[in-house]
file start.txt (compact mmCIF, C-alpha atoms)
# COMPACT_ATOMS: atom_id res chain seq x y z
CA MET A 107 -75.60 79.29 -57.62
CA SER A 108 -76.16 75.82 -59.05
CA LEU A 109 -76.24 75.32 -62.82
CA GLU A 110 -78.61 72.36 -63.19
CA ILE A 111 -80.19 69.80 -60.89
CA ILE A 112 -82.70 67.07 -61.64
CA LEU A 113 -84.96 65.94 -58.81
CA THR A 114 -86.72 62.72 -59.77
CA ASN A 115 -88.85 59.92 -58.32
CA ALA A 116 -90.56 62.60 -56.25
CA ARG A 117 -94.17 63.06 -55.19
CA VAL A 118 -94.43 66.56 -56.68
CA VAL A 119 -96.99 68.91 -55.16
CA THR A 120 -97.95 71.81 -57.41
CA ALA A 121 -100.53 74.51 -56.74
CA ASP A 122 -103.41 72.27 -57.80
CA ALA A 123 -102.16 68.68 -58.07
CA GLU A 124 -99.80 66.01 -56.76
CA PHE A 125 -98.16 63.32 -58.87
CA ASP A 126 -95.03 61.21 -59.19
CA GLY A 127 -92.52 62.95 -61.38
CA THR A 128 -89.41 65.01 -61.99
CA VAL A 129 -88.47 68.67 -61.57
CA LEU A 130 -85.64 70.20 -63.59
CA VAL A 131 -83.88 73.25 -62.12
CA ARG A 132 -81.46 75.44 -64.02
CA ASP A 133 -79.67 78.54 -62.71
CA GLY A 134 -81.88 78.76 -59.66
CA ARG A 135 -85.20 78.53 -61.52
CA ILE A 136 -87.62 75.73 -62.22
CA VAL A 137 -87.57 75.14 -65.97
CA GLU A 138 -89.51 71.90 -66.46
CA ILE A 139 -91.88 69.57 -64.62
CA ASP A 140 -92.49 66.05 -65.92
CA THR A 141 -94.71 63.18 -64.82
CA GLU A 142 -92.06 60.66 -65.88
CA ARG A 143 -89.03 59.46 -63.97
CA SER A 144 -85.66 60.71 -65.20
CA HIS A 145 -82.83 58.31 -65.93
CA ALA A 146 -80.33 61.04 -66.65
CA ALA A 147 -76.88 60.72 -65.15
CA GLY A 148 -76.65 62.78 -62.00
CA ALA A 149 -80.41 62.91 -61.36
CA LEU A 150 -81.16 62.92 -57.63
CA ASP A 151 -83.55 60.11 -56.65
CA LEU A 152 -85.94 61.41 -53.96
CA GLU A 153 -87.12 57.85 -53.26
CA GLY A 154 -90.80 58.78 -53.47
CA ASP A 155 -90.56 61.63 -50.94
CA TYR A 156 -92.75 64.69 -51.36
CA LEU A 157 -91.33 67.72 -53.12
CA VAL A 158 -93.11 70.93 -52.09
CA PRO A 159 -92.36 74.63 -52.57
CA GLY A 160 -90.28 76.37 -49.93
CA LEU A 161 -92.57 77.70 -47.20
CA VAL A 162 -93.21 81.45 -47.00
CA GLU A 163 -93.56 82.73 -43.43
CA LEU A 164 -95.12 86.18 -42.90
CA HIS A 165 -95.26 86.46 -39.11
CA THR A 166 -92.79 84.92 -36.69
CA ASP A 167 -91.24 86.34 -33.54
CA ASN A 168 -89.06 83.25 -33.14
CA MET A 169 -85.88 85.31 -33.46
CA GLU A 170 -86.55 87.15 -30.20
CA LYS A 171 -85.86 84.09 -28.06
CA HIS A 172 -82.39 83.76 -29.61
CA PHE A 173 -81.47 87.35 -28.74
CA ALA A 174 -82.67 86.91 -25.15
CA PRO A 175 -82.43 83.16 -24.42
CA ARG A 176 -82.67 83.81 -20.66
CA PRO A 177 -83.61 86.80 -18.50
CA GLY A 178 -80.76 89.29 -18.50
CA VAL A 179 -78.89 87.55 -21.33
CA LYS A 180 -78.09 89.43 -24.55
CA TRP A 181 -76.81 86.91 -27.07
CA PRO A 182 -74.38 88.14 -29.78
CA SER A 183 -76.47 89.53 -32.64
CA VAL A 184 -75.19 87.67 -35.70
CA SER A 185 -75.00 84.41 -33.76
CA ALA A 186 -78.63 84.89 -32.70
CA VAL A 187 -79.78 85.50 -36.27
CA MET A 188 -77.93 82.41 -37.47
CA ALA A 189 -79.48 80.25 -34.74
CA HIS A 190 -82.94 81.48 -35.69
CA ASP A 191 -82.19 80.97 -39.38
CA THR A 192 -81.08 77.39 -38.72
CA GLN A 193 -84.44 76.65 -37.09
CA VAL A 194 -86.61 78.18 -39.80
CA SER A 195 -84.69 76.72 -42.72
CA ALA A 196 -84.65 73.25 -41.16
CA ALA A 197 -88.44 73.60 -40.90
CA GLY A 198 -88.64 74.08 -44.68
CA ILE A 199 -89.10 77.86 -44.59
CA THR A 200 -87.17 79.52 -47.42
CA THR A 201 -88.65 83.02 -47.15
CA VAL A 202 -89.25 84.45 -43.69
CA PHE A 203 -90.64 87.80 -42.63
CA ASP A 204 -89.17 88.36 -39.18
CA SER A 205 -91.86 90.22 -37.26
CA LEU A 206 -90.04 92.75 -35.12
CA ALA A 207 -92.03 94.59 -32.47
CA LEU A 208 -91.66 98.37 -32.54
CA GLY A 209 -93.01 98.76 -29.04
CA ASP A 210 -94.47 96.60 -26.29
CA VAL A 211 -97.32 97.07 -23.83
CA HIS A 212 -94.78 96.07 -21.16
CA GLY A 213 -92.54 99.04 -21.94
CA LYS A 214 -88.81 98.38 -22.12
CA SER A 215 -89.01 94.63 -22.55
CA ASP A 216 -86.31 92.47 -24.16
CA ARG A 217 -88.01 92.75 -27.56
CA VAL A 218 -87.83 96.55 -27.38
CA GLU A 219 -84.30 96.63 -25.96
CA ASN A 220 -83.07 94.30 -28.71
CA ARG A 221 -85.03 95.61 -31.70
CA GLU A 222 -82.21 97.74 -33.13
CA ARG A 223 -79.73 94.88 -32.74
CA MET A 224 -82.16 92.50 -34.41
CA ILE A 225 -82.84 94.75 -37.38
CA GLU A 226 -79.17 95.56 -37.96
CA ALA A 227 -78.12 91.92 -37.69
CA VAL A 228 -80.86 90.64 -40.03
CA CYS A 229 -79.94 93.23 -42.65
CA MET A 230 -76.23 92.45 -42.44
CA ALA A 231 -76.64 88.66 -42.49
CA ASN A 232 -79.08 88.77 -45.38
CA ASP A 233 -76.99 91.20 -47.43
CA ARG A 234 -73.94 88.96 -47.06
CA ARG A 235 -75.94 85.83 -47.90
CA MET A 236 -75.02 84.31 -44.53
CA THR A 237 -78.47 82.84 -44.04
CA ARG A 238 -80.02 79.72 -45.50
CA ALA A 239 -83.49 81.29 -45.81
CA GLU A 240 -84.17 84.69 -47.33
CA HIS A 241 -85.04 87.08 -44.52
CA ARG A 242 -87.29 90.10 -44.80
CA ILE A 243 -88.69 92.41 -42.14
CA HIS A 244 -92.25 92.70 -40.89
CA LEU A 245 -92.63 95.83 -38.76
CA ARG A 246 -95.11 95.09 -35.95
CA CYS A 247 -96.23 98.51 -34.83
CA GLU A 248 -97.58 98.61 -31.28
CA ILE A 249 -99.63 101.78 -31.63
CA THR A 250 -99.97 102.44 -27.90
CA ALA A 251 -96.22 102.97 -27.46
CA ASP A 252 -95.15 106.59 -27.07
CA ASP A 253 -92.31 106.15 -29.59
CA ALA A 254 -94.25 104.06 -32.14
CA VAL A 255 -94.16 106.60 -34.95
CA GLU A 256 -90.55 107.54 -34.24
CA ALA A 257 -89.54 103.88 -34.50
CA VAL A 258 -91.42 103.44 -37.78
CA ASP A 259 -89.72 106.50 -39.25
CA LYS A 260 -86.34 105.08 -38.28
CA TRP A 261 -86.75 101.75 -40.09
CA ILE A 262 -89.60 101.80 -42.60
CA ASP A 263 -87.36 102.71 -45.55
CA LEU A 264 -85.01 99.77 -45.12
CA PRO A 265 -84.96 97.66 -48.31
CA LEU A 266 -85.86 94.49 -46.40
CA VAL A 267 -89.10 95.91 -44.97
CA GLY A 268 -91.93 94.20 -46.82
CA LEU A 269 -94.88 94.22 -44.43
CA VAL A 270 -96.33 96.52 -41.75
CA SER A 271 -98.92 95.46 -39.19
CA ILE A 272 -100.93 97.50 -36.73
CA ASN A 273 -101.01 96.00 -33.24
CA ASP A 274 -102.85 97.03 -30.08
CA HIS A 275 -102.27 94.61 -27.22
CA THR A 276 -104.07 96.72 -24.64
CA PRO A 277 -105.67 94.21 -22.23
CA GLY A 278 -109.28 93.58 -23.21
CA GLN A 279 -109.04 95.23 -26.62
CA ARG A 280 -108.54 92.37 -29.08
CA GLN A 281 -106.42 89.33 -28.31
CA PHE A 282 -108.11 88.21 -25.11
CA LEU A 283 -111.90 88.47 -25.11
CA ASP A 284 -112.18 86.30 -21.99
CA PRO A 285 -111.06 88.42 -18.97
CA GLU A 286 -110.05 85.33 -17.01
CA LYS A 287 -107.88 84.00 -19.85
CA LEU A 288 -106.31 87.44 -20.07
CA LYS A 289 -105.45 87.53 -16.38
CA GLN A 290 -104.24 83.92 -16.41
CA TYR A 291 -101.92 84.60 -19.37
CA TYR A 292 -100.33 87.75 -17.96
CA LYS A 293 -99.97 86.41 -14.43
CA GLY A 294 -98.42 83.21 -15.75
CA LYS A 295 -96.07 84.66 -18.34
CA HIS A 296 -94.98 87.74 -16.41
CA ALA A 297 -95.34 86.46 -12.82
CA MET A 298 -97.77 89.26 -11.92
CA THR A 299 -99.82 89.38 -8.75
CA ASP A 300 -103.47 90.43 -8.97
CA GLU A 301 -102.50 93.90 -7.82
CA GLN A 302 -99.68 94.21 -10.36
CA PHE A 303 -101.98 93.06 -13.14
CA GLU A 304 -104.57 95.70 -12.25
CA GLU A 305 -101.90 98.43 -12.17
CA PHE A 306 -100.56 97.23 -15.53
CA SER A 307 -104.05 97.26 -17.08
CA ILE A 308 -104.72 100.81 -15.92
CA ARG A 309 -101.38 102.09 -17.22
CA VAL A 310 -101.68 100.45 -20.62
CA THR A 311 -105.29 101.54 -21.05
CA GLU A 312 -104.20 105.14 -20.47
CA LEU A 313 -101.56 104.74 -23.20
CA HIS A 314 -104.22 103.35 -25.53
CA HIS A 315 -106.48 106.37 -25.04
CA ARG A 316 -103.57 108.77 -25.50
CA ASN A 317 -101.83 107.23 -28.50
CA ALA A 318 -103.69 104.51 -30.37
CA ALA A 319 -105.92 106.46 -32.77
CA LYS A 320 -103.30 109.07 -33.63
CA HIS A 321 -100.48 106.57 -34.13
CA ARG A 322 -102.66 104.31 -36.25
CA ARG A 323 -103.38 107.17 -38.66
CA GLU A 324 -99.76 108.26 -38.90
CA ILE A 325 -98.27 104.78 -39.37
CA VAL A 326 -100.89 103.72 -41.92
CA SER A 327 -100.23 106.88 -43.94
CA ARG A 328 -96.50 106.13 -43.99
CA ALA A 329 -97.03 102.54 -45.14
CA GLN A 330 -99.50 103.62 -47.82
CA ALA A 331 -97.08 106.24 -49.12
CA ARG A 332 -94.52 103.48 -49.69
CA ALA A 333 -97.05 101.00 -51.15
CA LEU A 334 -96.24 98.51 -48.40
CA PRO A 335 -98.81 95.80 -47.61
CA ILE A 336 -100.53 96.46 -44.29
CA ALA A 337 -102.01 93.88 -41.92
CA SER A 338 -104.52 94.24 -39.13
CA HIS A 339 -103.91 92.18 -36.00
CA ASP A 340 -106.27 90.31 -33.66
CA ASP A 341 -109.48 91.79 -35.06
CA ALA A 342 -112.44 90.74 -32.91
CA THR A 343 -115.44 92.66 -34.24
CA HIS A 344 -117.04 93.78 -37.49
CA GLY A 345 -116.02 97.32 -36.51
CA HIS A 346 -112.37 96.32 -36.29
CA VAL A 347 -112.54 94.91 -39.81
CA GLN A 348 -114.29 98.00 -41.15
CA GLU A 349 -111.48 100.09 -39.68
CA ALA A 350 -108.90 97.82 -41.31
CA VAL A 351 -110.58 98.17 -44.70
CA ALA A 352 -110.78 101.94 -44.31
CA ASN A 353 -107.03 101.92 -43.60
CA GLY A 354 -106.30 100.04 -46.84
CA MET A 355 -105.24 96.84 -45.10
CA THR A 356 -105.13 93.65 -47.17
CA ILE A 357 -104.20 91.00 -44.57
CA ALA A 358 -106.09 90.06 -41.40
CA GLU A 359 -103.71 88.47 -38.91
CA PHE A 360 -105.20 86.13 -36.32
CA PRO A 361 -108.85 87.24 -36.18
CA THR A 362 -110.10 86.16 -32.77
CA THR A 363 -113.78 85.52 -33.56
CA HIS A 364 -116.04 84.07 -36.25
CA GLU A 365 -117.53 87.55 -36.60
CA ALA A 366 -114.20 89.14 -37.50
CA ALA A 367 -113.13 86.29 -39.78
CA SER A 368 -116.44 86.35 -41.67
CA ALA A 369 -116.26 90.12 -42.07
CA SER A 370 -112.66 89.83 -43.29
CA ARG A 371 -113.69 87.25 -45.86
CA GLU A 372 -116.53 89.49 -47.11
CA ALA A 373 -114.11 92.41 -47.34
CA GLY A 374 -111.61 90.41 -49.39
CA LEU A 375 -108.79 90.44 -46.82
CA ALA A 376 -106.34 87.54 -46.83
CA ILE A 377 -106.89 85.81 -43.49
CA LEU A 378 -103.82 84.54 -41.63
CA MET A 379 -104.04 82.08 -38.75
CA GLY A 380 -101.44 80.41 -36.57
CA ALA A 381 -100.18 76.90 -37.22
CA PRO A 382 -99.58 76.34 -33.48
CA ASN A 383 -103.31 76.95 -32.95
CA LEU A 384 -103.96 74.21 -35.50
CA VAL A 385 -101.45 71.76 -34.02
CA LEU A 386 -102.75 72.29 -30.47
CA GLY A 387 -106.39 72.12 -31.50
CA GLY A 388 -107.21 75.61 -30.30
CA SER A 389 -106.01 79.03 -29.22
CA HIS A 390 -103.90 79.43 -26.08
CA SER A 391 -105.74 82.75 -25.61
CA GLY A 392 -109.18 81.14 -25.57
CA ASN A 393 -110.12 82.59 -28.97
CA ILE A 394 -111.43 80.89 -32.10
CA ALA A 395 -109.78 77.63 -33.19
CA ALA A 396 -107.99 77.74 -36.53
CA ILE A 397 -109.53 74.42 -37.59
CA ASP A 398 -113.02 75.93 -37.24
CA LEU A 399 -112.11 78.84 -39.50
CA LEU A 400 -110.50 76.46 -42.01
CA ARG A 401 -113.66 74.37 -42.01
CA ALA A 402 -115.67 77.51 -42.80
CA GLY A 403 -113.29 78.46 -45.62
CA HIS A 404 -112.06 81.51 -43.71
CA VAL A 405 -108.28 80.94 -43.78
CA ASP A 406 -105.93 81.85 -46.63
CA ILE A 407 -102.54 81.77 -44.92
CA LEU A 408 -100.89 79.79 -42.16
CA SER A 409 -98.06 81.19 -40.04
CA SER A 410 -95.69 79.37 -37.72
CA ASP A 411 -95.91 82.33 -35.30
CA TYR A 412 -93.68 81.12 -32.45
CA VAL A 413 -92.93 77.47 -33.47
CA PRO A 414 -91.19 77.20 -36.88
CA ALA A 415 -91.78 73.44 -37.24
CA SER A 416 -95.55 73.88 -36.78
CA LEU A 417 -95.96 75.18 -40.33
CA MET A 418 -94.92 72.03 -42.19
CA GLU A 419 -96.60 69.89 -39.54
CA SER A 420 -99.91 71.67 -40.14
CA VAL A 421 -99.64 71.41 -43.91
CA PHE A 422 -99.31 67.64 -43.79
CA LYS A 423 -101.91 67.13 -41.05
CA LEU A 424 -104.68 69.08 -42.75
CA PRO A 425 -105.51 66.57 -45.52
CA SER A 426 -106.38 63.94 -42.87
CA SER A 427 -108.41 66.33 -40.72
CA GLY A 428 -111.68 65.47 -42.42
CA ILE A 429 -112.58 69.01 -43.47
CA GLY A 430 -112.09 68.54 -47.21
CA ILE A 431 -108.67 70.14 -47.68
CA SER A 432 -106.34 68.37 -50.14
CA LEU A 433 -102.55 68.40 -49.84
CA PRO A 434 -102.13 70.94 -52.69
CA GLN A 435 -104.66 73.21 -50.97
CA ALA A 436 -102.88 72.83 -47.63
CA VAL A 437 -99.50 73.55 -49.24
CA ARG A 438 -100.86 76.76 -50.82
CA LEU A 439 -101.72 78.06 -47.33
CA ALA A 440 -98.02 78.17 -46.49
CA THR A 441 -96.50 78.95 -49.89
CA LEU A 442 -98.35 80.55 -52.78
CA ASN A 443 -100.99 82.41 -50.76
CA PRO A 444 -98.58 84.22 -48.40
CA ALA A 445 -96.21 84.98 -51.30
CA ARG A 446 -99.04 86.61 -53.27
CA ALA A 447 -100.29 88.52 -50.22
CA VAL A 448 -96.99 90.44 -50.01
CA GLY A 449 -96.38 90.76 -53.76
CA LEU A 450 -93.73 88.06 -54.19
CA GLY A 451 -94.75 86.68 -57.56
CA ASP A 452 -91.52 84.78 -58.19
CA ARG A 453 -91.99 82.01 -55.62
CA GLY A 454 -94.48 79.90 -53.69
CA GLU A 455 -95.24 77.16 -56.22
CA ILE A 456 -93.59 74.46 -58.28
CA ALA A 457 -94.07 75.88 -61.75
CA PRO A 458 -91.85 76.92 -64.67
CA GLU A 459 -89.98 80.21 -64.19
CA ARG A 460 -90.52 80.23 -60.42
CA ARG A 461 -87.60 80.29 -58.01
CA ALA A 462 -86.31 76.85 -57.17
CA ASP A 463 -87.16 77.14 -53.48
CA LEU A 464 -87.95 73.51 -52.77
CA VAL A 465 -88.34 71.15 -49.81
CA ARG A 466 -88.04 67.37 -49.71
CA VAL A 467 -90.40 65.91 -47.11
CA ARG A 468 -90.89 62.33 -45.97
CA THR A 469 -93.85 61.32 -43.82
CA VAL A 470 -93.01 58.90 -41.01
CA ASP A 471 -95.88 57.64 -38.84
CA GLY A 472 -97.81 60.76 -39.76
CA ALA A 473 -94.96 63.16 -39.00
CA ALA A 474 -93.58 65.43 -41.74
CA VAL A 475 -89.79 65.07 -41.77
CA VAL A 476 -87.86 67.71 -43.73
CA ARG A 477 -84.98 65.90 -45.44
CA ALA A 478 -83.55 68.58 -47.74
CA VAL A 479 -84.12 72.24 -48.63
CA TRP A 480 -83.06 74.18 -51.72
CA ARG A 481 -83.10 77.96 -52.02
CA GLU A 482 -82.86 79.21 -55.60
CA GLY A 483 -81.46 75.83 -56.59
CA ASP A 484 -78.73 75.76 -53.94
CA ARG A 485 -79.08 73.13 -51.27
CA VAL A 486 -79.11 74.83 -47.86
CA VAL A 487 -80.29 71.99 -45.59
call {"tool": "encode", "arguments": {"input": "start.txt", "output": "structure tokens"}}
result
Amino acid sequence: MSLEIILTNARVVTADAEFDGTVLVRDGRIVEIDTERSHAAGALDLEGDYLVPGLVELHTDNMEKHFAPRPGVKWPSVSAVMAHDTQVSAAGITTVFDSLALGDVHGKSDRVENRERMIEAVCMANDRRMTRAEHRIHLRCEITADDAVEAVDKWIDLPLVGLVSINDHTPGQRQFLDPEKLKQYYKGKHAMTDEQFEEFSIRVTELHHRNAAKHRREIVSRAQARALPIASHDDATHGHVQEAVANGMTIAEFPTTHEAASASREAGLAILMGAPNLVLGGSHSGNIAAIDLLRAGHVDILSSDYVPASLMESVFKLPSSGIGISLPQAVRLATLNPARAVGLGDRGEIAPERRADLVRVRTVDGAAVVRAVWREGDRVV
């Protein structure tokens, strides 16, 4: 770990302000912030680039594509984790919750076949400090799966598990409210015919009726017993939010309607939306656009979801979107807010005594270019 570094001539972005100044780091912690330029020997001149906190990512399934880069391919586990880690760290993410699916509506898909390999490899790589970013585990519990509770029992006590979410991707339940969008998505992604899609829908709906309510109760009780934060997923109605509140959930992931987002806000849940939705100007599923919820004040956290670079891109695009969000406010959506939502009080902002997880960013023709990344004072990118 580094002893002392001085980052100067930077456009420093704190939780509530931005200014030209200097940040002093000692033994992996921020110890001083100054609005003056340092002339100390060895000070690193950031040439006016932005200095923001390391991004905190709560929900990404980006690692899956590295374990199964093509159909039928099983990439070596540690190599896959390192490839994923390279992507997220280069995107300015210094803390990442890898969301690993404990079940899939498609049965024995690649994500299910590889889940044990993914969990074991993440734990090993993180324990040996092989990764640039700090990796934690977000257990995505698909409550329709027959083995959902068994899978939770197998992994919930791992030290890296820091978040549990309840998922139900039964067609027509939450994610896709438009039946045509639903059919289009499944036929396109999984090359289904109309007949295959109908058979799939019937089978998965039967699993929902058999398992969903019971598995929800059992998994929620296990997470509560361990004081783990719990997230709802794809809430669409006021009733969904009421159920989430009754289950002690504190995070609402990707609400699909204004109704659900408004109810989540009233209930005090931290609302998480996808940065790809923001970059693309809308949801690929035909649901509510993230920019509309941001305009209404109904977003607390941004997540890169399936495109790591989308998180920093969104942060720097928001201030020019015309909806009244400043750069410090936009930065909080990807740093301090997600850190607080999962109880990580040691990071997420440029402030004394916080971890020196820092990112140097230069804007070029409106694009946010990550030029350097420090994790606990050590440069990793």
call {"tool": "atom_distance", "arguments": {"input": "start.txt", "atom1": "atom CA of A:Pro182", "atom2": "atom CA of A:Arg246"}}
result
22.7 Å
call {"tool": "closest_atom_pairs", "arguments": {"input": "start.txt", "of": "stretch 134-197 of chain A", "to": "stretch 232-243 of chain A", "cutoff": "8 Å", "atoms": "all atoms listed in the file", "output": "JSON lines"}}
result
{"residue": "A:Met188", "atom": "CA", "partner": "A:Thr237", "partner_atom": "CA", "distance": 6.6}
{"residue": "A:Asp191", "atom": "CA", "partner": "A:Thr237", "partner_atom": "CA", "distance": 6.2}
{"residue": "A:Thr192", "atom": "CA", "partner": "A:Arg238", "partner_atom": "CA", "distance": 7.2}
{"residue": "A:Val194", "atom": "CA", "partner": "A:Ala239", "partner_atom": "CA", "distance": 7.5}
{"residue": "A:Ser195", "atom": "CA", "partner": "A:Ala239", "partner_atom": "CA", "distance": 5.6}
call {"tool": "write_last_selection", "arguments": {"input": "start.txt", "atoms": "C-alpha atoms", "output": "PDB file, in the frame of the given file"}}
result
ATOM      1  CA  MET A 188     -77.930  82.410 -37.470  1.00  0.00           C
ATOM      2  CA  ASP A 191     -82.190  80.970 -39.380  1.00  0.00           C
ATOM      3  CA  THR A 192     -81.080  77.390 -38.720  1.00  0.00           C
ATOM      4  CA  VAL A 194     -86.610  78.180 -39.800  1.00  0.00           C
ATOM      5  CA  SER A 195     -84.690  76.720 -42.720  1.00  0.00           C
TER       6      SER A 195
END
call {"tool": "closest_residue", "arguments": {"input": "start.txt", "among": "A:Ala415, A:Val218, A:Ile139, A:Leu109", "to": "A:Val475", "atoms": "only C-alpha atoms"}}
result
A:Ala415
call {"tool": "residues_around", "arguments": {"input": "start.txt", "residues": "stretch 314-321 of chain A", "least_positions_apart": "5", "cutoff": "10 Å", "atoms": "only C-alpha atoms", "output": "PDB file with C-alpha atoms, in the frame of the given file"}}
result
ATOM      1  CA  VAL A 211     -97.320  97.070 -23.830  1.00  0.00           C
ATOM      2  CA  CYS A 247     -96.230  98.510 -34.830  1.00  0.00           C
ATOM      3  CA  GLU A 248     -97.580  98.610 -31.280  1.00  0.00           C
ATOM      4  CA  ILE A 249     -99.630 101.780 -31.630  1.00  0.00           C
ATOM      5  CA  THR A 250     -99.970 102.440 -27.900  1.00  0.00           C
ATOM      6  CA  ALA A 251     -96.220 102.970 -27.460  1.00  0.00           C
ATOM      7  CA  ASP A 252     -95.150 106.590 -27.070  1.00  0.00           C
ATOM      8  CA  ASP A 253     -92.310 106.150 -29.590  1.00  0.00           C
ATOM      9  CA  ALA A 254     -94.250 104.060 -32.140  1.00  0.00           C
ATOM     10  CA  VAL A 255     -94.160 106.600 -34.950  1.00  0.00           C
ATOM     11  CA  GLU A 256     -90.550 107.540 -34.240  1.00  0.00           C
ATOM     12  CA  ILE A 272    -100.930  97.500 -36.730  1.00  0.00           C
ATOM     13  CA  ASN A 273    -101.010  96.000 -33.240  1.00  0.00           C
ATOM     14  CA  ASP A 274    -102.850  97.030 -30.080  1.00  0.00           C
ATOM     15  CA  HIS A 275    -102.270  94.610 -27.220  1.00  0.00           C
ATOM     16  CA  THR A 276    -104.070  96.720 -24.640  1.00  0.00           C
ATOM     17  CA  PRO A 277    -105.670  94.210 -22.230  1.00  0.00           C
ATOM     18  CA  GLN A 279    -109.040  95.230 -26.620  1.00  0.00           C
ATOM     19  CA  ILE A 308    -104.720 100.810 -15.920  1.00  0.00           C
ATOM     20  CA  ARG A 309    -101.380 102.090 -17.220  1.00  0.00           C
ATOM     21  CA  VAL A 326    -100.890 103.720 -41.920  1.00  0.00           C
ATOM     22  CA  SER A 327    -100.230 106.880 -43.940  1.00  0.00           C
TER      23      SER A 327
END
call {"tool": "residues_around", "arguments": {"input": "start.txt", "residues": "A:Ile397", "least_positions_apart": "6", "cutoff": "9 Å", "atoms": "only C-alpha atoms", "output": "list of chain:residue names"}}
result
A:Asn383, A:Leu384, A:Gly387, A:Gly388, A:Leu424, A:Ser427, A:Ile429
call {"tool": "write_last_selection", "arguments": {"input": "start.txt", "atoms": "C-alpha atoms", "output": "mmCIF file, keeping the file's coordinate frame"}}
result
data_model
loop_
_atom_site.group_PDB
_atom_site.id
_atom_site.type_symbol
_atom_site.label_atom_id
_atom_site.label_comp_id
_atom_site.auth_asym_id
_atom_site.auth_seq_id
_atom_site.Cartn_x
_atom_site.Cartn_y
_atom_site.Cartn_z
ATOM 1 C CA ASN A 383 -103.310 76.950 -32.950
ATOM 2 C CA LEU A 384 -103.960 74.210 -35.500
ATOM 3 C CA GLY A 387 -106.390 72.120 -31.500
ATOM 4 C CA GLY A 388 -107.210 75.610 -30.300
ATOM 5 C CA LEU A 424 -104.680 69.080 -42.750
ATOM 6 C CA SER A 427 -108.410 66.330 -40.720
ATOM 7 C CA ILE A 429 -112.580 69.010 -43.470
#
call {"tool": "decode", "arguments": {"input": "start.txt", "residues": "stretch 428-443 of chain A", "atoms": "N, CA and C atoms", "output": "PDB file, in the first residue's frame"}}
result
ATOM      1  N   GLY A 428     -30.320  18.887 -18.727  1.00  0.00           N
ATOM      2  CA  GLY A 428     -31.373  19.871 -18.577  1.00  0.00           C
ATOM      3  C   GLY A 428     -32.431  19.538 -17.547  1.00  0.00           C
ATOM      4  N   ILE A 429     -32.120  18.630 -16.626  1.00  0.00           N
ATOM      5  CA  ILE A 429     -33.117  18.262 -15.607  1.00  0.00           C
ATOM      6  C   ILE A 429     -32.693  18.715 -14.210  1.00  0.00           C
ATOM      7  N   GLY A 430     -31.684  19.593 -14.159  1.00  0.00           N
ATOM      8  CA  GLY A 430     -31.326  20.204 -12.882  1.00  0.00           C
ATOM      9  C   GLY A 430     -30.450  19.375 -11.977  1.00  0.00           C
ATOM     10  N   ILE A 431     -29.667  18.460 -12.534  1.00  0.00           N
ATOM     11  CA  ILE A 431     -28.762  17.640 -11.733  1.00  0.00           C
ATOM     12  C   ILE A 431     -27.334  18.147 -11.937  1.00  0.00           C
ATOM     13  N   SER A 432     -26.674  18.531 -10.845  1.00  0.00           N
ATOM     14  CA  SER A 432     -25.297  19.012 -10.903  1.00  0.00           C
ATOM     15  C   SER A 432     -24.340  17.826 -10.977  1.00  0.00           C
ATOM     16  N   LEU A 433     -23.072  18.097 -11.267  1.00  0.00           N
ATOM     17  CA  LEU A 433     -22.089  17.017 -11.310  1.00  0.00           C
ATOM     18  C   LEU A 433     -21.926  16.346  -9.948  1.00  0.00           C
ATOM     19  N   PRO A 434     -21.811  17.074  -8.837  1.00  0.00           N
ATOM     20  CA  PRO A 434     -21.736  16.383  -7.542  1.00  0.00           C
ATOM     21  C   PRO A 434     -22.952  15.491  -7.279  1.00  0.00           C
ATOM     22  N   GLN A 435     -24.138  15.944  -7.657  1.00  0.00           N
ATOM     23  CA  GLN A 435     -25.333  15.111  -7.472  1.00  0.00           C
ATOM     24  C   GLN A 435     -25.262  13.863  -8.342  1.00  0.00           C
ATOM     25  N   ALA A 436     -24.817  14.022  -9.581  1.00  0.00           N
ATOM     26  CA  ALA A 436     -24.698  12.878 -10.486  1.00  0.00           C
ATOM     27  C   ALA A 436     -23.662  11.888  -9.971  1.00  0.00           C
ATOM     28  N   VAL A 437     -22.541  12.397  -9.464  1.00  0.00           N
ATOM     29  CA  VAL A 437     -21.492  11.524  -8.933  1.00  0.00           C
ATOM     30  C   VAL A 437     -22.012  10.726  -7.740  1.00  0.00           C
ATOM     31  N   ARG A 438     -22.812  11.352  -6.884  1.00  0.00           N
ATOM     32  CA  ARG A 438     -23.349  10.634  -5.714  1.00  0.00           C
ATOM     33  C   ARG A 438     -24.180   9.421  -6.117  1.00  0.00           C
ATOM     34  N   LEU A 439     -24.849   9.497  -7.269  1.00  0.00           N
ATOM     35  CA  LEU A 439     -25.688   8.387  -7.730  1.00  0.00           C
ATOM     36  C   LEU A 439     -24.881   7.108  -7.964  1.00  0.00           C
ATOM     37  N   ALA A 440     -23.594   7.269  -8.222  1.00  0.00           N
ATOM     38  CA  ALA A 440     -22.756   6.110  -8.532  1.00  0.00           C
ATOM     39  C   ALA A 440     -21.661   5.873  -7.505  1.00  0.00           C
ATOM     40  N   THR A 441     -21.698   6.620  -6.400  1.00  0.00           N
ATOM     41  CA  THR A 441     -20.631   6.488  -5.402  1.00  0.00           C
ATOM     42  C   THR A 441     -21.191   6.432  -3.980  1.00  0.00           C
ATOM     43  N   LEU A 442     -21.492   7.582  -3.424  1.00  0.00           N
ATOM     44  CA  LEU A 442     -21.908   7.651  -2.026  1.00  0.00           C
ATOM     45  C   LEU A 442     -23.244   6.954  -1.785  1.00  0.00           C
ATOM     46  N   ASN A 443     -24.209   7.174  -2.661  1.00  0.00           N
ATOM     47  CA  ASN A 443     -25.535   6.580  -2.440  1.00  0.00           C
ATOM     48  C   ASN A 443     -25.515   5.053  -2.447  1.00  0.00           C
TER      49      ASN A 443
END
